[in-house]
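Undergrad: I am attaching a structure below and will ask some questions about it afterwards.
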Amino acid sequence: MQVDEGPMKLTQYTDYAMRALLYLGREPERLSSIAEIAKAYGISQNHLMKVINDLVNAGYLNSVRGRNGGVRLARKPSEINVGALIRHTEDSFDLVGCGSCIIAPACGLTSVLGEALEAFLAVLDRYSLADVLARRGDFAHLLNIKPA
C-alpha cells in the first residue's frame, strides 16, 4: 500500500467543472463567456476551455457561437446530479494505488476502500447542482459579480 499519495483529492479538472457549473447555475438562462468565468475565479482560461468543451459534449452545457455567444446550462440545475458529474470528470478513483500493489488480490483493505468510495459517491448522488447552490446562499459578492 502506498501511503505517500496524500489525501484523496478530486482533480483540477473536476474542480473547474464544478466551478463553471456553479457560476452558470446562478443564472441558468444567461450566456457567459469562458473568459468571464475564468476571470471571476482567477483560473486558467485555457484549462477552463478544455473543461467547458467536454461539458458541452457531455450535454451539461450549451454553447452559442458568435459575437454575443457564450455558454449556459443545458439542463435545469435540479437535473444536474453532482455524483454523475464527478464520475464523468474523474478518470479513476484509485484511492491508494491498490492496482499496482502485489497483494491487492488477497488484501482486505482493497474491498474496504471500495466500500468507502461507494459511500462517498452515494453522498454526492443525493445532491443536484440546485441543492449545492442553495446550501450556503449567494456567492456573487465573492466573485465580484454584479447582480442581474
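For the C-alpha cells, the naming scheme is as follows: chains receive sequential letters (A, B, ...) according to their order of presentation, residues are indexed from 1 within each chain, and ligands are indexed from 1 in presentation order.
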Do you know which residues are at most 8 Å from segment 74-76 of chain A counting only C-alpha atoms, after dropping those on the same chain fewer than 3 positions away, and could you put them as a count of residues only?

TA: 7

Undergrad: I need the residues of segment 2-147 of chain A that end up classed as strand (DSSP E) by DSSP on the backbone, written out as a PyMOL selection string.

TA: chain A and resi 61-64+70-73

Undergrad: Create the file for the chosen residues now, containing C-alpha atoms and written as an mmCIF file, in the first residue's frame.

TA:
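again-v8.cif written:
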```cif
data_model
loop_
_atom_site.group_PDB
_atom_site.id
_atom_site.type_symbol
_atom_site.label_atom_id
_atom_site.label_comp_id
_atom_site.auth_asym_id
_atom_site.auth_seq_id
_atom_site.Cartn_x
_atom_site.Cartn_y
_atom_site.Cartn_z
ATOM 1 C CA LEU A 61 -23.772 22.945 -21.193
ATOM 2 C CA ASN A 62 -24.986 24.606 -24.376
ATOM 3 C CA SER A 63 -22.563 26.660 -26.409
ATOM 4 C CA VAL A 64 -23.653 29.597 -28.564
ATOM 5 C CA GLY A 70 -21.083 32.014 -24.661
ATOM 6 C CA VAL A 71 -22.128 29.033 -22.595
ATOM 7 C CA ARG A 72 -25.059 28.270 -20.331
ATOM 8 C CA LEU A 73 -26.540 25.268 -18.618
#
```

Undergrad: Can you write out as JSON lines which residues of segment 54-92 of chain A fall within 8 Å of segment 109-125 of chain A, alongside each residue's closest atom pair and its distance in Å to one decimal, counting only C-alpha atoms and ordering rows by chain and ascending residue number?

TA:
```
{"residue": "A:Asn81", "atom": "CA", "partner": "A:Asp125", "partner_atom": "CA", "distance": 6.3}
{"residue": "A:Val82", "atom": "CA", "partner": "A:Leu124", "partner_atom": "CA", "distance": 5.6}
{"residue": "A:Gly83", "atom": "CA", "partner": "A:Asp125", "partner_atom": "CA", "distance": 4.3}
{"residue": "A:Ala84", "atom": "CA", "partner": "A:Asp125", "partner_atom": "CA", "distance": 6.8}
```

Undergrad: List as a ChimeraX atom specification the protein and nucleic acid residues near Ile34 of chain A, meaning an atom at most 8 Å away when only C-alpha atoms are counted, but skip any in the same chain fewer than 3 places from it.

TA: /A:37-38,45,48-49,52,70-71

Undergrad: Suppose we keep C-alpha atoms; can you now write the selection as a short mmCIF file (atom, residue, chain, number, x, y, z; two decimals), in the first residue's frame?

TA:
```cif
data_model
loop_
_atom_site.label_atom_id
_atom_site.label_comp_id
_atom_site.auth_asym_id
_atom_site.auth_seq_id
_atom_site.Cartn_x
_atom_site.Cartn_y
_atom_site.Cartn_z
CA ILE A 37 -15.84 32.63 -15.73
CA ALA A 38 -12.04 32.25 -15.67
CA GLN A 45 -8.80 30.29 -19.31
CA LEU A 48 -11.23 26.01 -18.38
CA MET A 49 -11.82 25.98 -22.15
CA ILE A 52 -16.16 23.62 -20.91
CA GLY A 70 -21.08 32.01 -24.66
CA VAL A 71 -22.13 29.03 -22.59
#
```

Undergrad: Mind pulling up the distance from atom CA of Arg65 of chain A to atom CA of Asp138 of chain A?

TA: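 So the answer is 28.6 Å.
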
Undergrad: Could you tell me how far atom CA of Leu129 of chain A lies from atom CA of His47 of chain A, in Å and to one decimal?

TA: 21.7 Å

Undergrad: When you look at Thr11 of chain A with a cut-off of 12 Å (counting only C-alpha atoms), what residues show up, excluding the ones that are within fewer than 2 positions of it in the same chain? I need them as a ChimeraX atom specification.

TA: /A:8-9,13-18,51,86-93

Undergrad: Go through A:Arg126, A:Arg136, A:Arg67, A:Arg19 and flag the residue nearest Lys39 of chain A, using only C-alpha atoms for the distances.

TA: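 The shortest atom-to-atom distance to Lys39 of chain A comes from A:Arg19.
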
Undergrad: Based on DSSP run over this structure's backbone, return all residues of segment 6-126 of chain A in helix (DSSP H, G or I), as a tab-separated table (two decimals) with N, CA, C and O atoms, in the first residue's frame.

TA:
```tsv
chain	number	residue	atom	x	y	z
A	12	GLN	N	-8.07	18.81	-10.64
A	12	GLN	CA	-8.32	20.20	-11.00
A	12	GLN	C	-9.41	20.26	-12.08
A	12	GLN	O	-10.21	21.19	-12.11
A	13	TYR	N	-9.43	19.27	-12.94
A	13	TYR	CA	-10.43	19.19	-14.00
A	13	TYR	C	-11.84	19.19	-13.40
A	13	TYR	O	-12.71	19.95	-13.82
A	14	THR	N	-12.06	18.35	-12.40
A	14	THR	CA	-13.36	18.29	-11.72
A	14	THR	C	-13.63	19.59	-10.99
A	14	THR	O	-14.76	20.10	-11.01
A	15	ASP	N	-12.63	20.15	-10.36
A	15	ASP	CA	-12.76	21.43	-9.67
A	15	ASP	C	-13.25	22.50	-10.63
A	15	ASP	O	-14.22	23.22	-10.36
A	16	TYR	N	-12.62	22.60	-11.80
A	16	TYR	CA	-13.01	23.60	-12.79
A	16	TYR	C	-14.42	23.34	-13.32
A	16	TYR	O	-15.19	24.27	-13.56
A	17	ALA	N	-14.76	22.07	-13.50
A	17	ALA	CA	-16.10	21.73	-13.97
A	17	ALA	C	-17.15	22.18	-12.96
A	17	ALA	O	-18.16	22.79	-13.33
A	18	MET	N	-16.91	21.89	-11.69
A	18	MET	CA	-17.87	22.30	-10.65
A	18	MET	C	-17.94	23.82	-10.55
A	18	MET	O	-19.02	24.39	-10.41
A	19	ARG	N	-16.80	24.49	-10.62
A	19	ARG	CA	-16.80	25.96	-10.56
A	19	ARG	C	-17.62	26.54	-11.70
A	19	ARG	O	-18.41	27.47	-11.49
A	20	ALA	N	-17.43	26.02	-12.90
A	20	ALA	CA	-18.17	26.52	-14.06
A	20	ALA	C	-19.67	26.31	-13.88
A	20	ALA	O	-20.47	27.22	-14.12
A	21	LEU	N	-20.05	25.11	-13.44
A	21	LEU	CA	-21.47	24.83	-13.27
A	21	LEU	C	-22.08	25.68	-12.15
A	21	LEU	O	-23.22	26.14	-12.28
A	22	LEU	N	-21.34	25.90	-11.09
A	22	LEU	CA	-21.84	26.76	-10.01
A	22	LEU	C	-22.03	28.19	-10.52
A	22	LEU	O	-23.03	28.85	-10.23
A	23	TYR	N	-21.05	28.67	-11.26
A	23	TYR	CA	-21.13	30.03	-11.82
A	23	TYR	C	-22.35	30.15	-12.73
A	23	TYR	O	-23.15	31.07	-12.59
A	24	LEU	N	-22.48	29.21	-13.65
A	24	LEU	CA	-23.57	29.27	-14.61
A	24	LEU	C	-24.92	28.95	-13.98
A	24	LEU	O	-25.95	29.45	-14.43
A	25	GLY	N	-24.91	28.17	-12.93
A	25	GLY	CA	-26.15	27.80	-12.25
A	25	GLY	C	-26.82	28.94	-11.52
A	25	GLY	O	-28.02	28.88	-11.24
A	26	ARG	N	-26.07	29.98	-11.23
A	26	ARG	CA	-26.65	31.15	-10.57
A	26	ARG	C	-27.70	31.80	-11.45
A	26	ARG	O	-28.71	32.29	-10.96
A	34	ILE	N	-16.29	32.11	-21.48
A	34	ILE	CA	-15.28	31.36	-20.73
A	34	ILE	C	-14.33	32.33	-20.06
A	34	ILE	O	-13.93	32.13	-18.91
A	35	ALA	N	-14.00	33.41	-20.75
A	35	ALA	CA	-13.11	34.42	-20.18
A	35	ALA	C	-13.71	35.03	-18.91
A	35	ALA	O	-13.00	35.25	-17.92
A	36	GLU	N	-15.00	35.28	-18.93
A	36	GLU	CA	-15.70	35.84	-17.76
A	36	GLU	C	-15.62	34.90	-16.56
A	36	GLU	O	-15.34	35.33	-15.44
A	37	ILE	N	-15.86	33.62	-16.81
A	37	ILE	CA	-15.84	32.63	-15.73
A	37	ILE	C	-14.42	32.49	-15.18
A	37	ILE	O	-14.20	32.49	-13.97
A	38	ALA	N	-13.44	32.39	-16.09
A	38	ALA	CA	-12.04	32.25	-15.67
A	38	ALA	C	-11.60	33.46	-14.85
A	38	ALA	O	-10.93	33.31	-13.82
A	39	LYS	N	-11.99	34.64	-15.29
A	39	LYS	CA	-11.61	35.87	-14.57
A	39	LYS	C	-12.25	35.91	-13.18
A	39	LYS	O	-11.60	36.28	-12.21
A	40	ALA	N	-13.51	35.51	-13.11
A	40	ALA	CA	-14.21	35.54	-11.82
A	40	ALA	C	-13.51	34.68	-10.78
A	40	ALA	O	-13.40	35.06	-9.61
A	41	TYR	N	-13.00	33.54	-11.20
A	41	TYR	CA	-12.33	32.62	-10.28
A	41	TYR	C	-10.82	32.80	-10.21
A	41	TYR	O	-10.16	32.21	-9.37
A	45	GLN	N	-7.78	30.32	-18.27
A	45	GLN	CA	-8.80	30.29	-19.31
A	45	GLN	C	-8.58	29.10	-20.24
A	45	GLN	O	-9.54	28.46	-20.67
A	46	ASN	N	-7.33	28.78	-20.55
A	46	ASN	CA	-7.04	27.66	-21.45
A	46	ASN	C	-7.49	26.33	-20.85
A	46	ASN	O	-8.07	25.49	-21.55
A	47	HIS	N	-7.22	26.12	-19.56
A	47	HIS	CA	-7.66	24.87	-18.92
A	47	HIS	C	-9.19	24.82	-18.83
A	47	HIS	O	-9.79	23.78	-19.07
A	48	LEU	N	-9.78	25.96	-18.50
A	48	LEU	CA	-11.23	26.01	-18.38
A	48	LEU	C	-11.89	25.74	-19.74
A	48	LEU	O	-12.92	25.07	-19.80
A	49	MET	N	-11.27	26.20	-20.81
A	49	MET	CA	-11.82	25.98	-22.15
A	49	MET	C	-11.95	24.48	-22.45
A	49	MET	O	-12.96	24.03	-22.99
A	50	LYS	N	-10.95	23.70	-22.07
A	50	LYS	CA	-10.99	22.25	-22.29
A	50	LYS	C	-12.14	21.62	-21.49
A	50	LYS	O	-12.85	20.75	-21.99
A	51	VAL	N	-12.28	22.06	-20.26
A	51	VAL	CA	-13.34	21.54	-19.40
A	51	VAL	C	-14.71	21.90	-19.97
A	51	VAL	O	-15.61	21.04	-20.05
A	52	ILE	N	-14.88	23.15	-20.36
A	52	ILE	CA	-16.16	23.62	-20.91
A	52	ILE	C	-16.51	22.83	-22.16
A	52	ILE	O	-17.65	22.40	-22.34
A	53	ASN	N	-15.54	22.62	-23.03
A	53	ASN	CA	-15.78	21.85	-24.25
A	53	ASN	C	-16.29	20.45	-23.92
A	53	ASN	O	-17.23	19.95	-24.54
A	54	ASP	N	-15.68	19.82	-22.94
A	54	ASP	CA	-16.11	18.49	-22.51
A	54	ASP	C	-17.54	18.54	-21.95
A	54	ASP	O	-18.35	17.66	-22.25
A	55	LEU	N	-17.85	19.56	-21.15
A	55	LEU	CA	-19.18	19.67	-20.56
A	55	LEU	C	-20.25	19.93	-21.63
A	55	LEU	O	-21.39	19.48	-21.50
A	56	VAL	N	-19.87	20.64	-22.69
A	56	VAL	CA	-20.79	20.84	-23.82
A	56	VAL	C	-21.03	19.50	-24.51
A	56	VAL	O	-22.18	19.12	-24.77
A	57	ASN	N	-19.95	18.78	-24.81
A	57	ASN	CA	-20.07	17.48	-25.49
A	57	ASN	C	-20.85	16.46	-24.66
A	57	ASN	O	-21.53	15.60	-25.22
A	77	PRO	N	-30.63	23.30	-13.10
A	77	PRO	CA	-29.71	22.90	-12.01
A	77	PRO	C	-30.22	21.69	-11.23
A	77	PRO	O	-29.42	20.86	-10.79
A	78	SER	N	-31.52	21.57	-11.09
A	78	SER	CA	-32.09	20.43	-10.35
A	78	SER	C	-31.91	19.11	-11.10
A	78	SER	O	-32.07	18.04	-10.51
A	79	GLU	N	-31.58	19.17	-12.39
A	79	GLU	CA	-31.40	17.97	-13.20
A	79	GLU	C	-29.94	17.58	-13.38
A	79	GLU	O	-29.64	16.62	-14.08
A	82	VAL	N	-24.64	15.83	-8.95
A	82	VAL	CA	-23.23	16.05	-8.62
A	82	VAL	C	-22.42	14.74	-8.72
A	82	VAL	O	-21.32	14.73	-9.26
A	83	GLY	N	-22.97	13.65	-8.24
A	83	GLY	CA	-22.26	12.37	-8.33
A	83	GLY	C	-22.00	11.96	-9.77
A	83	GLY	O	-20.90	11.52	-10.11
A	84	ALA	N	-23.00	12.11	-10.63
A	84	ALA	CA	-22.84	11.76	-12.04
A	84	ALA	C	-21.80	12.65	-12.70
A	84	ALA	O	-20.97	12.18	-13.49
A	85	LEU	N	-21.81	13.92	-12.37
A	85	LEU	CA	-20.83	14.85	-12.94
A	85	LEU	C	-19.42	14.44	-12.53
A	85	LEU	O	-18.51	14.39	-13.36
A	86	ILE	N	-19.22	14.13	-11.27
A	86	ILE	CA	-17.89	13.77	-10.80
A	86	ILE	C	-17.44	12.43	-11.39
A	86	ILE	O	-16.28	12.28	-11.75
A	87	ARG	N	-18.35	11.50	-11.55
A	87	ARG	CA	-17.98	10.26	-12.24
A	87	ARG	C	-17.54	10.55	-13.68
A	87	ARG	O	-16.65	9.91	-14.20
A	88	HIS	N	-18.19	11.54	-14.31
A	88	HIS	CA	-17.83	11.92	-15.68
A	88	HIS	C	-16.45	12.57	-15.75
A	88	HIS	O	-15.69	12.30	-16.67
A	89	THR	N	-16.14	13.43	-14.81
A	89	THR	CA	-14.91	14.22	-14.90
A	89	THR	C	-13.68	13.54	-14.32
A	89	THR	O	-12.55	13.91	-14.65
A	98	CYS	N	-3.96	0.72	-5.09
A	98	CYS	CA	-4.07	-0.73	-4.91
A	98	CYS	C	-3.80	-1.49	-6.20
A	98	CYS	O	-3.33	-2.62	-6.16
A	99	GLY	N	-4.12	-0.88	-7.33
A	99	GLY	CA	-3.94	-1.55	-8.61
A	99	GLY	C	-2.51	-1.98	-8.89
A	99	GLY	O	-2.27	-2.96	-9.58
A	100	SER	N	-1.55	-1.28	-8.32
A	100	SER	CA	-0.15	-1.63	-8.56
A	100	SER	C	0.47	-2.42	-7.40
A	100	SER	O	1.65	-2.74	-7.42
A	104	ALA	N	-2.82	-6.90	-3.63
A	104	ALA	CA	-4.19	-6.41	-3.82
A	104	ALA	C	-5.23	-7.52	-3.99
A	104	ALA	O	-6.31	-7.44	-3.39
A	105	PRO	N	-4.94	-8.58	-4.77
A	105	PRO	CA	-5.96	-9.62	-4.94
A	105	PRO	C	-6.35	-10.33	-3.64
A	105	PRO	O	-7.46	-10.85	-3.54
A	106	ALA	N	-5.48	-10.33	-2.65
A	106	ALA	CA	-5.76	-11.03	-1.40
A	106	ALA	C	-5.94	-10.08	-0.22
A	106	ALA	O	-6.14	-10.51	0.90
A	108	GLY	N	-7.63	-7.39	2.21
A	108	GLY	CA	-8.95	-6.95	2.66
A	108	GLY	C	-9.15	-5.46	2.57
A	108	GLY	O	-10.28	-4.98	2.49
A	109	LEU	N	-8.06	-4.71	2.57
A	109	LEU	CA	-8.18	-3.25	2.50
A	109	LEU	C	-8.77	-2.80	1.18
A	109	LEU	O	-9.53	-1.82	1.13
A	110	THR	N	-8.49	-3.53	0.12
A	110	THR	CA	-9.00	-3.17	-1.20
A	110	THR	C	-10.52	-3.08	-1.19
A	110	THR	O	-11.11	-2.11	-1.67
A	111	SER	N	-11.18	-4.08	-0.61
A	111	SER	CA	-12.64	-4.07	-0.57
A	111	SER	C	-13.18	-3.01	0.39
A	111	SER	O	-14.22	-2.41	0.14
A	112	VAL	N	-12.46	-2.76	1.48
A	112	VAL	CA	-12.88	-1.72	2.43
A	112	VAL	C	-12.82	-0.35	1.75
A	112	VAL	O	-13.74	0.46	1.87
A	113	LEU	N	-11.74	-0.10	1.01
A	113	LEU	CA	-11.62	1.18	0.30
A	113	LEU	C	-12.67	1.30	-0.80
A	113	LEU	O	-13.20	2.38	-1.03
A	114	GLY	N	-12.98	0.20	-1.45
A	114	GLY	CA	-14.04	0.21	-2.45
A	114	GLY	C	-15.38	0.57	-1.85
A	114	GLY	O	-16.16	1.35	-2.41
A	115	GLU	N	-15.64	0.01	-0.67
A	115	GLU	CA	-16.88	0.32	0.05
A	115	GLU	C	-16.92	1.80	0.45
A	115	GLU	O	-17.96	2.46	0.34
A	116	ALA	N	-15.79	2.32	0.90
A	116	ALA	CA	-15.71	3.74	1.29
A	116	ALA	C	-15.96	4.64	0.08
A	116	ALA	O	-16.66	5.66	0.18
A	117	LEU	N	-15.39	4.27	-1.05
A	117	LEU	CA	-15.59	5.06	-2.27
A	117	LEU	C	-17.06	5.04	-2.68
A	117	LEU	O	-17.62	6.08	-3.05
A	118	GLU	N	-17.70	3.89	-2.59
A	118	GLU	CA	-19.12	3.80	-2.91
A	118	GLU	C	-19.94	4.71	-2.00
A	118	GLU	O	-20.88	5.37	-2.45
A	119	ALA	N	-19.58	4.77	-0.72
A	119	ALA	CA	-20.29	5.63	0.23
A	119	ALA	C	-20.07	7.11	-0.13
A	119	ALA	O	-21.01	7.91	-0.09
A	120	PHE	N	-18.85	7.47	-0.49
A	120	PHE	CA	-18.51	8.83	-0.90
A	120	PHE	C	-19.37	9.25	-2.10
A	120	PHE	O	-20.01	10.30	-2.10
A	121	LEU	N	-19.41	8.39	-3.11
A	121	LEU	CA	-20.18	8.71	-4.31
A	121	LEU	C	-21.68	8.69	-4.03
A	121	LEU	O	-22.43	9.48	-4.61
A	122	ALA	N	-22.13	7.83	-3.12
A	122	ALA	CA	-23.55	7.78	-2.77
A	122	ALA	C	-24.01	9.10	-2.15
A	122	ALA	O	-25.12	9.56	-2.41
A	123	VAL	N	-23.15	9.72	-1.36
A	123	VAL	CA	-23.48	11.03	-0.79
A	123	VAL	C	-23.61	12.06	-1.91
A	123	VAL	O	-24.57	12.83	-1.98
A	124	LEU	N	-22.66	12.08	-2.82
A	124	LEU	CA	-22.71	13.03	-3.94
A	124	LEU	C	-23.93	12.79	-4.82
A	124	LEU	O	-24.51	13.74	-5.35
A	125	ASP	N	-24.33	11.54	-4.95
A	125	ASP	CA	-25.50	11.19	-5.76
A	125	ASP	C	-26.79	11.78	-5.20
A	125	ASP	O	-27.77	11.93	-5.92
```

Undergrad: How many Å separate atom CA of Glu29 of chain A from atom CA of Leu10 of chain A?

TA: 28.1 Å

Undergrad: Return the single residue from A:Gly42, A:Gly66, A:Glu27, A:Ser32 that is closest to Leu133 of chain A, with distances computed using only C-alpha atoms.

TA: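 Among the listed residues, the smallest separation from Leu133 of chain A belongs to A:Glu27.
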